[in-house]
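Next comes work_10.txt, with compact mmCIF, C-alpha atoms.
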```txt
# COMPACT_ATOMS: atom_id res chain seq x y z
CA MET G 869 197.48 33.84 131.78
CA THR G 870 197.11 33.33 135.52
CA ASN G 871 196.99 29.99 137.31
CA ASN G 872 193.29 30.50 138.11
CA GLU G 873 192.50 31.02 134.41
CA VAL G 874 194.38 27.84 133.50
CA LYS G 875 192.47 25.87 136.13
CA SER G 876 189.11 27.21 134.93
CA LYS G 877 189.84 26.06 131.36
CA THR G 878 190.99 22.63 132.43
CA PRO G 879 188.11 20.11 132.23
CA SER G 880 187.23 18.40 135.48
CA ARG G 881 188.29 14.78 135.63
CA GLY G 882 185.92 13.84 138.44
CA ILE G 883 182.42 12.43 138.18
CA TYR G 884 179.30 13.18 140.17
CA LEU G 885 178.78 10.55 142.84
CA LEU G 886 175.05 10.39 143.55
CA PRO G 887 173.50 9.92 140.06
CA ASN G 888 176.27 7.54 138.98
CA LEU G 889 175.86 5.59 142.21
CA LEU G 890 172.19 5.06 141.34
CA THR G 891 173.17 4.03 137.81
CA THR G 892 175.63 1.53 139.27
CA ALA G 893 172.90 0.15 141.53
CA GLY G 894 170.71 -0.42 138.47
CA LEU G 895 173.60 -2.08 136.66
CA PHE G 896 174.18 -4.35 139.66
CA ALA G 897 170.48 -5.29 139.72
CA GLY G 898 170.63 -6.25 136.05
CA PHE G 899 173.76 -8.35 136.58
CA PHE G 900 172.17 -9.99 139.61
CA ALA G 901 169.12 -10.89 137.48
CA VAL G 902 171.36 -12.82 135.08
CA VAL G 903 173.12 -14.69 137.89
CA ALA G 904 169.81 -15.49 139.62
CA SER G 905 168.31 -16.88 136.40
CA MET G 906 171.35 -19.13 135.95
CA LYS G 907 170.58 -20.58 139.37
CA GLY G 908 166.90 -21.06 138.51
CA GLN G 909 165.79 -18.24 140.83
CA TYR G 910 163.52 -16.66 138.25
CA GLU G 911 161.30 -14.70 140.63
CA MET G 912 164.31 -12.96 142.15
CA ALA G 913 165.66 -12.30 138.65
CA ALA G 914 162.40 -10.64 137.56
CA ILE G 915 162.24 -8.53 140.71
CA ALA G 916 165.85 -7.43 140.17
CA ILE G 917 164.95 -6.10 136.71
CA PHE G 918 162.13 -4.03 138.18
CA ILE G 919 164.53 -2.70 140.81
CA ALA G 920 166.86 -1.70 137.97
CA MET G 921 163.94 0.20 136.43
CA ILE G 922 163.47 2.14 139.66
CA MET G 923 167.17 3.02 139.78
CA ASP G 924 167.07 4.05 136.12
CA GLY G 925 164.15 6.36 136.79
CA LEU G 926 165.86 7.91 139.80
CA ASP G 927 169.34 8.61 138.44
CA GLY G 928 168.23 11.04 135.76
CA ARG G 929 165.81 12.87 138.02
CA VAL G 930 168.36 13.14 140.80
CA ALA G 931 170.93 14.48 138.33
CA ARG G 932 168.50 17.18 137.14
CA MET G 933 167.38 18.09 140.66
CA THR G 934 170.95 18.40 141.96
CA ASN G 935 172.33 19.94 138.74
CA THR G 936 174.82 17.09 138.39
CA GLN G 937 174.15 16.16 134.76
CA SER G 938 177.18 15.24 132.66
CA ASP G 939 178.11 13.60 129.36
CA PHE G 940 179.80 10.82 131.31
CA GLY G 941 176.60 10.15 133.25
CA ALA G 942 174.54 9.99 130.06
CA GLU G 943 176.94 7.53 128.42
CA TYR G 944 177.23 5.42 131.57
CA ASP G 945 173.43 5.30 131.86
CA SER G 946 173.13 3.98 128.29
CA MET G 947 175.75 1.30 128.95
CA ALA G 948 173.94 0.23 132.11
CA ASP G 949 170.59 0.18 130.28
CA ILE G 950 171.76 -2.27 127.64
CA VAL G 951 172.86 -4.63 130.41
CA SER G 952 169.89 -4.22 132.75
CA PHE G 953 167.13 -3.95 130.12
CA GLY G 954 168.66 -5.69 127.11
CA ILE G 955 170.97 -8.54 128.05
CA ALA G 956 169.48 -9.31 131.48
CA PRO G 957 165.81 -9.80 130.47
CA ALA G 958 166.86 -11.66 127.30
CA LEU G 959 168.93 -14.15 129.31
CA VAL G 960 166.28 -14.48 132.01
CA ILE G 961 163.56 -15.26 129.47
CA TYR G 962 165.97 -17.60 127.64
CA ASN G 963 166.78 -19.59 130.76
CA TRP G 964 163.14 -19.72 131.84
CA ALA G 965 161.38 -20.53 128.58
CA LEU G 966 163.60 -20.67 125.48
CA SER G 967 166.65 -22.80 126.27
CA SER G 968 165.04 -26.05 125.13
CA HIS G 969 163.96 -24.66 121.74
CA GLY G 970 167.31 -24.61 119.99
CA LYS G 971 168.09 -21.88 117.49
CA LEU G 972 164.63 -20.34 117.76
CA GLY G 973 165.19 -19.68 121.46
CA TRP G 974 168.55 -17.97 121.32
CA LEU G 975 167.71 -16.11 118.11
CA ALA G 976 164.59 -14.67 119.76
CA ALA G 977 166.67 -13.56 122.74
CA PHE G 978 169.27 -12.01 120.40
CA VAL G 979 166.61 -10.10 118.45
CA PHE G 980 165.50 -8.57 121.73
CA VAL G 981 169.07 -7.57 122.69
CA ALA G 982 169.82 -6.16 119.23
CA GLY G 983 166.53 -4.25 119.18
CA GLY G 984 167.29 -2.76 122.57
CA ALA G 985 170.81 -1.69 121.53
CA LEU G 986 169.52 -0.08 118.34
CA ARG G 987 166.73 1.61 120.27
CA LEU G 988 169.20 3.19 122.69
CA ALA G 989 171.52 4.29 119.87
CA ARG G 990 168.65 5.92 117.97
CA PHE G 991 167.31 7.58 121.12
CA ASN G 992 170.73 9.08 121.95
CA THR G 993 171.19 10.49 118.44
CA GLN G 994 167.70 12.05 118.33
CA LEU G 995 167.69 13.75 121.73
CA GLY G 996 167.73 17.28 120.33
CA THR G 997 165.37 16.77 117.39
CA SER G 998 162.62 14.35 118.45
CA ASP G 999 159.21 15.29 119.84
CA LYS G 1000 159.57 14.99 123.61
CA ARG G 1001 155.89 14.12 124.00
CA TYR G 1002 156.35 10.77 122.29
CA PHE G 1003 158.87 7.95 122.06
CA GLN G 1004 159.69 6.51 118.64
CA GLY G 1005 159.48 2.81 119.28
CA LEU G 1006 158.86 1.04 122.57
CA ALA G 1007 161.28 2.18 125.27
CA ILE G 1008 163.72 -0.54 126.33
CA PRO G 1009 162.77 -0.45 130.06
CA SER G 1010 159.12 -1.05 129.13
CA ALA G 1011 160.04 -3.99 126.89
CA ALA G 1012 162.21 -5.41 129.66
CA ALA G 1013 159.35 -4.99 132.14
CA ILE G 1014 157.05 -7.10 129.96
CA LEU G 1015 159.54 -9.98 129.84
CA ALA G 1016 160.30 -9.70 133.56
CA GLY G 1017 156.59 -9.47 134.38
CA MET G 1018 155.90 -12.52 132.21
CA VAL G 1019 158.53 -14.55 134.05
CA TRP G 1020 157.35 -13.37 137.45
CA LEU G 1021 153.72 -14.12 136.60
CA GLY G 1022 154.64 -17.55 135.21
CA VAL G 1023 156.54 -18.45 138.37
CA ASP G 1024 153.69 -17.16 140.53
CA LEU G 1025 151.20 -19.33 138.62
CA GLU G 1026 153.62 -22.28 138.58
CA ILE G 1027 153.74 -22.33 134.76
CA ASP G 1028 156.58 -24.13 133.00
CA GLY G 1029 157.87 -21.57 130.54
CA GLN G 1030 159.53 -24.20 128.34
CA VAL G 1031 156.09 -25.61 127.45
CA TYR G 1032 155.09 -22.28 125.89
CA GLY G 1033 158.55 -21.48 124.55
CA ILE G 1034 157.46 -21.05 120.92
CA TRP G 1035 154.83 -18.46 121.80
CA ILE G 1036 157.15 -16.72 124.23
CA SER G 1037 159.89 -16.57 121.58
CA ILE G 1038 157.43 -14.87 119.21
CA ILE G 1039 156.52 -12.32 121.89
CA THR G 1040 160.20 -11.73 122.63
CA MET G 1041 160.98 -11.06 118.97
CA LEU G 1042 157.96 -8.78 118.59
CA LEU G 1043 159.15 -6.75 121.56
CA GLY G 1044 162.59 -6.48 120.01
CA LEU G 1045 161.12 -5.31 116.71
CA SER G 1046 158.75 -2.88 118.42
CA MET G 1047 161.74 -1.08 119.94
CA VAL G 1048 163.14 -0.24 116.50
CA SER G 1049 159.75 0.43 114.89
CA ASN G 1050 158.25 3.83 114.08
CA LEU G 1051 155.36 3.28 116.47
CA ARG G 1052 154.71 6.25 118.73
CA TYR G 1053 154.36 5.90 122.48
CA TYR G 1054 153.35 8.62 124.90
CA SER G 1055 156.42 9.59 126.96
CA PHE G 1056 154.66 11.23 129.95
CA LYS G 1057 157.41 13.88 129.92
CA GLU G 1058 154.88 16.69 129.65
CA VAL G 1059 153.13 15.74 132.86
CA ASP G 1060 153.59 18.45 135.49
CA TRP G 1061 154.64 16.38 138.48
CA ARG G 1062 155.06 19.51 140.61
CA GLY G 1063 151.67 20.98 139.83
CA LYS G 1064 148.52 20.68 141.89
CA VAL G 1065 146.10 17.81 141.23
CA PRO G 1066 142.58 17.01 142.46
CA PHE G 1067 142.32 15.06 145.69
CA ILE G 1068 140.88 12.09 143.79
CA ALA G 1069 144.23 11.72 141.99
CA VAL G 1070 145.92 10.97 145.31
CA LEU G 1071 143.34 8.25 145.99
CA VAL G 1072 143.99 6.74 142.57
CA VAL G 1073 147.74 6.63 143.29
CA VAL G 1074 147.09 4.99 146.66
CA LEU G 1075 144.82 2.41 145.00
CA ALA G 1076 147.50 1.70 142.38
CA PHE G 1077 150.07 1.02 145.11
CA VAL G 1078 147.61 -1.27 146.90
CA LEU G 1079 146.99 -3.26 143.72
CA ILE G 1080 150.70 -3.58 143.00
CA ALA G 1081 151.38 -4.70 146.55
CA TYR G 1082 148.53 -7.23 146.42
CA GLN G 1083 149.39 -8.86 143.09
CA PRO G 1084 152.63 -7.30 141.75
CA PRO G 1085 153.28 -9.76 138.87
CA VAL G 1086 149.72 -9.52 137.53
CA VAL G 1087 149.48 -5.73 137.80
CA LEU G 1088 152.96 -4.94 136.45
CA PHE G 1089 152.69 -7.35 133.53
CA THR G 1090 149.22 -6.05 132.65
CA VAL G 1091 150.17 -2.36 132.88
CA PHE G 1092 153.26 -2.64 130.70
CA SER G 1093 151.52 -4.93 128.20
CA VAL G 1094 148.72 -2.38 127.80
CA TYR G 1095 151.33 0.33 127.32
CA ALA G 1096 153.04 -1.76 124.62
CA LEU G 1097 149.71 -2.18 122.82
CA SER G 1098 148.99 1.55 123.10
CA GLY G 1099 151.72 2.28 120.54
CA PRO G 1100 149.96 0.76 117.51
CA VAL G 1101 146.65 2.26 118.64
CA LEU G 1102 148.14 5.75 119.08
CA THR G 1103 150.00 5.56 115.76
CA LEU G 1104 146.91 4.48 113.80
CA TRP G 1105 144.79 7.13 115.55
CA GLN G 1106 147.22 9.91 114.66
CA LYS G 1107 147.51 8.72 111.05
CA ARG G 1108 143.71 8.62 110.80
CA ASN G 1109 143.44 12.18 112.11
CA LEU G 1110 146.16 13.32 109.71
CA MET G 1111 144.32 11.80 106.75
CA LEU G 1112 141.07 13.43 107.86
CA ARG G 1113 142.74 16.85 108.10
CA ARG G 1114 144.27 16.41 104.66
CA GLY G 1115 140.87 15.48 103.27
CA GLU G 1116 139.27 18.54 104.85
CA ARG G 1117 141.97 20.80 103.43
CA ALA G 1118 141.54 19.24 99.99
CA LYS G 1119 137.76 19.79 100.15
CA ALA G 1120 138.24 23.37 101.28
CA LYS G 1121 140.70 23.98 98.44
CA ASN G 1122 138.36 22.49 95.83
CA SER G 1123 135.38 24.49 97.07
CA SER G 1124 137.39 27.72 96.96
CA GLU G 1125 138.48 26.97 93.39
CA ASP G 1126 134.86 26.27 92.34
CA THR G 1127 133.72 29.63 93.67
```
Just give me the structure as structure tokens.
Amino acid sequence: MTNNEVKSKTPSRGIYLLPNLLTTAGLFAGFFAVVASMKGQYEMAAIAIFIAMIMDGLDGRVARMTNTQSDFGAEYDSMADIVSFGIAPALVIYNWALSSHGKLGWLAAFVFVAGGALRLARFNTQLGTSDKRYFQGLAIPSAAAILAGMVWLGVDLEIDGQVYGIWISIITMLLGLSMVSNLRYYSFKEVDWRGKVPFIAVLVVVLAFVLIAYQPPVVLFTVFSVYALSGPVLTLWQKRNLMLRRGERAKAKNSSEDT
């Protein structure tokens, strides 16, 4: 066996820089959100979580575009996600609204973290078998965006989160449970981002950016809350259609047997 053959069979010990650099940036944003919330800088903490979402969306796409995907990158991305979208939003919401509510407050935050960790573990084990058109359970970045948007909106409206801590703890636990539920959410993975679209679609995108720039906490919190509510609606709609198809098949079978 030649030296070249030995080198070709030896696994590379290096890692790809660009996608992992973006993942690290998202991890840093999540860590910064925790530190900012400890200092009472809740608006900066919420913004940092949204920045982490942007980095999380970019690292995977950059890896696919540059053909720099790796098992290390996938594992590192999951580790960064549990920090940026599990621990960070849970601690931010705890410091802002739940810290004065004793066990209820920290238990609600823990349910969110545990739900996010279980969601990531289930997602990683079902990559090759799940329907790519839908997510099973609410994705952890979306759940984190709702908590971050809630904090940002509360700060913008000068609302004391501790006053509504009981209701916020219920919402936090529901988000944690929704991540490990069997609710189906549209994944948008089948959208052809490279294909041609009508000119009106560009205007809609421009309008969306204008709205986000004008009132980012209101728009972001509303959009992700609507997406969270779309899961139960989509799941019930699909179950209703399935029951209708079964009923039609049963009727067709009975009519054929009668004839």
Excluding same-chain residues fewer than 6 positions from G:Leu972, what lies within 9 Å of it counting all atoms listed in the file, as a VMD selection string?
chain G and resid 966 1034 1037
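The gap separating atom CA of G:Ile1039 from atom CA of G:Ile961 is 10.8 Å, in Å to one decimal.
In this comparison, which uses only C-alpha atoms, the residue of G:Ile915, G:Ile922, G:Met906, G:Ala1118 approaching G:Ala893 most closely is G:Ile922.
For the residues G:Tyr910, G:Ser938, G:Asp945, G:Arg1114, ranking by smallest atom-to-atom distance to G:Glu1026 using only C-alpha atoms places G:Tyr910 first.
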Report as a PyMOL selection string all protein, DNA and RNA residues lying within 12 Å of stretch 987-1001 of chain G, evaluated on only C-alpha atoms, omitting residues in the same chain fewer than 2 positions from it.
chain G and resi 939+942-943+945-951+953-954+979-985+1003-1011+1043-1050+1052-1059
Any chance you can output those residues with C-alpha atoms as an mmCIF file, in the frame of the given file?
```
data_model
loop_
_atom_site.group_PDB
_atom_site.id
_atom_site.type_symbol
_atom_site.label_atom_id
_atom_site.label_comp_id
_atom_site.auth_asym_id
_atom_site.auth_seq_id
_atom_site.Cartn_x
_atom_site.Cartn_y
_atom_site.Cartn_z
ATOM 1 C CA ASP G 939 178.110 13.600 129.360
ATOM 2 C CA ALA G 942 174.540 9.990 130.060
ATOM 3 C CA GLU G 943 176.940 7.530 128.420
ATOM 4 C CA ASP G 945 173.430 5.300 131.860
ATOM 5 C CA SER G 946 173.130 3.980 128.290
ATOM 6 C CA MET G 947 175.750 1.300 128.950
ATOM 7 C CA ALA G 948 173.940 0.230 132.110
ATOM 8 C CA ASP G 949 170.590 0.180 130.280
ATOM 9 C CA ILE G 950 171.760 -2.270 127.640
ATOM 10 C CA VAL G 951 172.860 -4.630 130.410
ATOM 11 C CA PHE G 953 167.130 -3.950 130.120
ATOM 12 C CA GLY G 954 168.660 -5.690 127.110
ATOM 13 C CA VAL G 979 166.610 -10.100 118.450
ATOM 14 C CA PHE G 980 165.500 -8.570 121.730
ATOM 15 C CA VAL G 981 169.070 -7.570 122.690
ATOM 16 C CA ALA G 982 169.820 -6.160 119.230
ATOM 17 C CA GLY G 983 166.530 -4.250 119.180
ATOM 18 C CA GLY G 984 167.290 -2.760 122.570
ATOM 19 C CA ALA G 985 170.810 -1.690 121.530
ATOM 20 C CA PHE G 1003 158.870 7.950 122.060
ATOM 21 C CA GLN G 1004 159.690 6.510 118.640
ATOM 22 C CA GLY G 1005 159.480 2.810 119.280
ATOM 23 C CA LEU G 1006 158.860 1.040 122.570
ATOM 24 C CA ALA G 1007 161.280 2.180 125.270
ATOM 25 C CA ILE G 1008 163.720 -0.540 126.330
ATOM 26 C CA PRO G 1009 162.770 -0.450 130.060
ATOM 27 C CA SER G 1010 159.120 -1.050 129.130
ATOM 28 C CA ALA G 1011 160.040 -3.990 126.890
ATOM 29 C CA LEU G 1043 159.150 -6.750 121.560
ATOM 30 C CA GLY G 1044 162.590 -6.480 120.010
ATOM 31 C CA LEU G 1045 161.120 -5.310 116.710
ATOM 32 C CA SER G 1046 158.750 -2.880 118.420
ATOM 33 C CA MET G 1047 161.740 -1.080 119.940
ATOM 34 C CA VAL G 1048 163.140 -0.240 116.500
ATOM 35 C CA SER G 1049 159.750 0.430 114.890
ATOM 36 C CA ASN G 1050 158.250 3.830 114.080
ATOM 37 C CA ARG G 1052 154.710 6.250 118.730
ATOM 38 C CA TYR G 1053 154.360 5.900 122.480
ATOM 39 C CA TYR G 1054 153.350 8.620 124.900
ATOM 40 C CA SER G 1055 156.420 9.590 126.960
ATOM 41 C CA PHE G 1056 154.660 11.230 129.950
ATOM 42 C CA LYS G 1057 157.410 13.880 129.920
ATOM 43 C CA GLU G 1058 154.880 16.690 129.650
ATOM 44 C CA VAL G 1059 153.130 15.740 132.860
#
```
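Note that atom CA of G:Leu895 and atom CA of G:Leu1021 are 23.2 Å apart.
Going from atom CA of G:Ala901 to atom CA of G:Ala914 covers 6.7 Å.
With all atoms listed in the file as the basis for measurement, G:Gly1017 is the residue among G:Gly1033, G:Gly1017, G:Gly1022, G:Pro1066 that approaches G:Ser1093 most closely.
Using only C-alpha atoms, the nearest neighbour of G:Gln909 within the list G:Thr936, G:Val1019, G:Lys971, G:Phe1077 is G:Val1019.
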Near-G:Asp1028 list (9 Å; only C-alpha atoms; drop same-chain fewer than 5 positions) as a PDB file with C-alpha atoms, in the coordinates of the input:
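The result, written out as around18.pdb:
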```
ATOM      1  CA  TRP G 964     163.140 -19.720 131.840  1.00  0.00           C
ATOM      2  CA  ALA G 965     161.380 -20.530 128.580  1.00  0.00           C
ATOM      3  CA  GLY G1022     154.640 -17.550 135.210  1.00  0.00           C
ATOM      4  CA  VAL G1023     156.540 -18.450 138.370  1.00  0.00           C
TER       5      VAL G1023
END
```
Incomplete stretch 880-915 of chain G brought to N, CA and C atoms, written out as a PDB file, in the coordinates of the input:
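Writing the result to out.pdb gives the following:
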```pdb
ATOM      1  N   SER G 880     187.204  19.190 134.250  1.00  0.00           N
ATOM      2  CA  SER G 880     187.230  18.400 135.480  1.00  0.00           C
ATOM      3  C   SER G 880     187.272  16.912 135.149  1.00  0.00           C
ATOM      4  N   ARG G 881     188.142  16.204 135.881  1.00  0.00           N
ATOM      5  CA  ARG G 881     188.290  14.780 135.630  1.00  0.00           C
ATOM      6  C   ARG G 881     187.426  13.947 136.572  1.00  0.00           C
ATOM      7  N   GLY G 882     186.763  14.564 137.518  1.00  0.00           N
ATOM      8  CA  GLY G 882     185.920  13.840 138.440  1.00  0.00           C
ATOM      9  C   GLY G 882     184.543  13.563 137.870  1.00  0.00           C
ATOM     10  N   ILE G 883     183.798  12.731 138.561  1.00  0.00           N
ATOM     11  CA  ILE G 883     182.420  12.430 138.180  1.00  0.00           C
ATOM     12  C   ILE G 883     181.528  12.673 139.373  1.00  0.00           C
ATOM     13  N   TYR G 884     180.266  12.953 139.096  1.00  0.00           N
ATOM     14  CA  TYR G 884     179.300  13.180 140.170  1.00  0.00           C
ATOM     15  C   TYR G 884     178.928  11.842 140.799  1.00  0.00           C
ATOM     16  N   LEU G 885     178.939  11.815 142.119  1.00  0.00           N
ATOM     17  CA  LEU G 885     178.780  10.550 142.840  1.00  0.00           C
ATOM     18  C   LEU G 885     177.352  10.043 142.834  1.00  0.00           C
ATOM     19  N   LEU G 886     176.401  10.881 143.272  1.00  0.00           N
ATOM     20  CA  LEU G 886     175.050  10.390 143.550  1.00  0.00           C
ATOM     21  C   LEU G 886     174.347   9.794 142.334  1.00  0.00           C
ATOM     22  N   PRO G 887     174.214  10.523 141.203  1.00  0.00           N
ATOM     23  CA  PRO G 887     173.500   9.920 140.060  1.00  0.00           C
ATOM     24  C   PRO G 887     174.205   8.683 139.514  1.00  0.00           C
ATOM     25  N   ASN G 888     175.539   8.711 139.489  1.00  0.00           N
ATOM     26  CA  ASN G 888     176.270   7.540 138.980  1.00  0.00           C
ATOM     27  C   ASN G 888     176.218   6.374 139.955  1.00  0.00           C
ATOM     28  N   LEU G 889     176.046   6.667 141.230  1.00  0.00           N
ATOM     29  CA  LEU G 889     175.860   5.590 142.210  1.00  0.00           C
ATOM     30  C   LEU G 889     174.538   4.882 141.977  1.00  0.00           C
ATOM     31  N   LEU G 890     173.493   5.651 141.655  1.00  0.00           N
ATOM     32  CA  LEU G 890     172.190   5.060 141.340  1.00  0.00           C
ATOM     33  C   LEU G 890     172.266   4.252 140.041  1.00  0.00           C
ATOM     34  N   THR G 891     172.988   4.769 139.056  1.00  0.00           N
ATOM     35  CA  THR G 891     173.170   4.030 137.810  1.00  0.00           C
ATOM     36  C   THR G 891     173.892   2.711 138.055  1.00  0.00           C
ATOM     37  N   THR G 892     174.900   2.746 138.923  1.00  0.00           N
ATOM     38  CA  THR G 892     175.630   1.530 139.270  1.00  0.00           C
ATOM     39  C   THR G 892     174.734   0.530 139.980  1.00  0.00           C
ATOM     40  N   ALA G 893     173.849   1.034 140.839  1.00  0.00           N
ATOM     41  CA  ALA G 893     172.900   0.150 141.530  1.00  0.00           C
ATOM     42  C   ALA G 893     171.982  -0.540 140.529  1.00  0.00           C
ATOM     43  N   GLY G 894     171.529   0.195 139.515  1.00  0.00           N
ATOM     44  CA  GLY G 894     170.710  -0.420 138.470  1.00  0.00           C
ATOM     45  C   GLY G 894     171.483  -1.443 137.669  1.00  0.00           C
ATOM     46  N   LEU G 895     172.747  -1.134 137.374  1.00  0.00           N
ATOM     47  CA  LEU G 895     173.600  -2.080 136.660  1.00  0.00           C
ATOM     48  C   LEU G 895     173.805  -3.352 137.481  1.00  0.00           C
ATOM     49  N   PHE G 896     174.011  -3.188 138.787  1.00  0.00           N
ATOM     50  CA  PHE G 896     174.180  -4.350 139.660  1.00  0.00           C
ATOM     51  C   PHE G 896     172.917  -5.204 139.682  1.00  0.00           C
ATOM     52  N   ALA G 897     171.740  -4.546 139.714  1.00  0.00           N
ATOM     53  CA  ALA G 897     170.480  -5.290 139.720  1.00  0.00           C
ATOM     54  C   ALA G 897     170.322  -6.100 138.443  1.00  0.00           C
ATOM     55  N   GLY G 898     170.698  -5.518 137.300  1.00  0.00           N
ATOM     56  CA  GLY G 898     170.630  -6.250 136.050  1.00  0.00           C
ATOM     57  C   GLY G 898     171.571  -7.441 136.013  1.00  0.00           C
ATOM     58  N   PHE G 899     172.792  -7.251 136.516  1.00  0.00           N
ATOM     59  CA  PHE G 899     173.760  -8.350 136.580  1.00  0.00           C
ATOM     60  C   PHE G 899     173.270  -9.444 137.528  1.00  0.00           C
ATOM     61  N   PHE G 900     172.693  -9.024 138.648  1.00  0.00           N
ATOM     62  CA  PHE G 900     172.170  -9.990 139.610  1.00  0.00           C
ATOM     63  C   PHE G 900     171.037 -10.812 138.991  1.00  0.00           C
ATOM     64  N   ALA G 901     170.220 -10.178 138.140  1.00  0.00           N
ATOM     65  CA  ALA G 901     169.120 -10.890 137.480  1.00  0.00           C
ATOM     66  C   ALA G 901     169.664 -12.027 136.618  1.00  0.00           C
ATOM     67  N   VAL G 902     170.763 -11.778 135.912  1.00  0.00           N
ATOM     68  CA  VAL G 902     171.360 -12.820 135.080  1.00  0.00           C
ATOM     69  C   VAL G 902     171.856 -13.971 135.940  1.00  0.00           C
ATOM     70  N   VAL G 903     172.573 -13.648 137.016  1.00  0.00           N
ATOM     71  CA  VAL G 903     173.120 -14.690 137.890  1.00  0.00           C
ATOM     72  C   VAL G 903     171.990 -15.491 138.541  1.00  0.00           C
ATOM     73  N   ALA G 904     170.934 -14.797 138.984  1.00  0.00           N
ATOM     74  CA  ALA G 904     169.810 -15.490 139.620  1.00  0.00           C
ATOM     75  C   ALA G 904     169.115 -16.428 138.651  1.00  0.00           C
ATOM     76  N   SER G 905     168.971 -16.016 137.384  1.00  0.00           N
ATOM     77  CA  SER G 905     168.310 -16.880 136.400  1.00  0.00           C
ATOM     78  C   SER G 905     169.158 -18.113 136.101  1.00  0.00           C
ATOM     79  N   MET G 906     170.473 -17.974 136.165  1.00  0.00           N
ATOM     80  CA  MET G 906     171.350 -19.130 135.950  1.00  0.00           C
ATOM     81  C   MET G 906     171.205 -20.151 137.064  1.00  0.00           C
ATOM     82  N   LYS G 907     170.796 -19.689 138.234  1.00  0.00           N
ATOM     83  CA  LYS G 907     170.580 -20.580 139.370  1.00  0.00           C
ATOM     84  C   LYS G 907     169.137 -21.077 139.450  1.00  0.00           C
ATOM     85  N   GLY G 908     168.303 -20.665 138.491  1.00  0.00           N
ATOM     86  CA  GLY G 908     166.900 -21.060 138.510  1.00  0.00           C
ATOM     87  C   GLY G 908     166.037 -20.232 139.428  1.00  0.00           C
ATOM     88  N   GLN G 909     166.552 -19.121 139.933  1.00  0.00           N
ATOM     89  CA  GLN G 909     165.790 -18.240 140.830  1.00  0.00           C
ATOM     90  C   GLN G 909     165.127 -17.148 139.987  1.00  0.00           C
ATOM     91  N   TYR G 910     164.114 -17.555 139.247  1.00  0.00           N
ATOM     92  CA  TYR G 910     163.520 -16.660 138.250  1.00  0.00           C
ATOM     93  C   TYR G 910     162.715 -15.524 138.875  1.00  0.00           C
ATOM     94  N   GLU G 911     162.068 -15.777 139.991  1.00  0.00           N
ATOM     95  CA  GLU G 911     161.300 -14.700 140.630  1.00  0.00           C
ATOM     96  C   GLU G 911     162.230 -13.594 141.098  1.00  0.00           C
ATOM     97  N   MET G 912     163.345 -13.964 141.718  1.00  0.00           N
ATOM     98  CA  MET G 912     164.310 -12.960 142.150  1.00  0.00           C
ATOM     99  C   MET G 912     164.906 -12.226 140.958  1.00  0.00           C
ATOM    100  N   ALA G 913     165.115 -12.937 139.856  1.00  0.00           N
ATOM    101  CA  ALA G 913     165.660 -12.300 138.650  1.00  0.00           C
ATOM    102  C   ALA G 913     164.698 -11.259 138.105  1.00  0.00           C
ATOM    103  N   ALA G 914     163.407 -11.592 138.067  1.00  0.00           N
ATOM    104  CA  ALA G 914     162.400 -10.640 137.560  1.00  0.00           C
ATOM    105  C   ALA G 914     162.312  -9.423 138.466  1.00  0.00           C
ATOM    106  N   ILE G 915     162.311  -9.648 139.776  1.00  0.00           N
ATOM    107  CA  ILE G 915     162.240  -8.530 140.710  1.00  0.00           C
ATOM    108  C   ILE G 915     163.456  -7.627 140.563  1.00  0.00           C
TER     109      ILE G 915
END
```
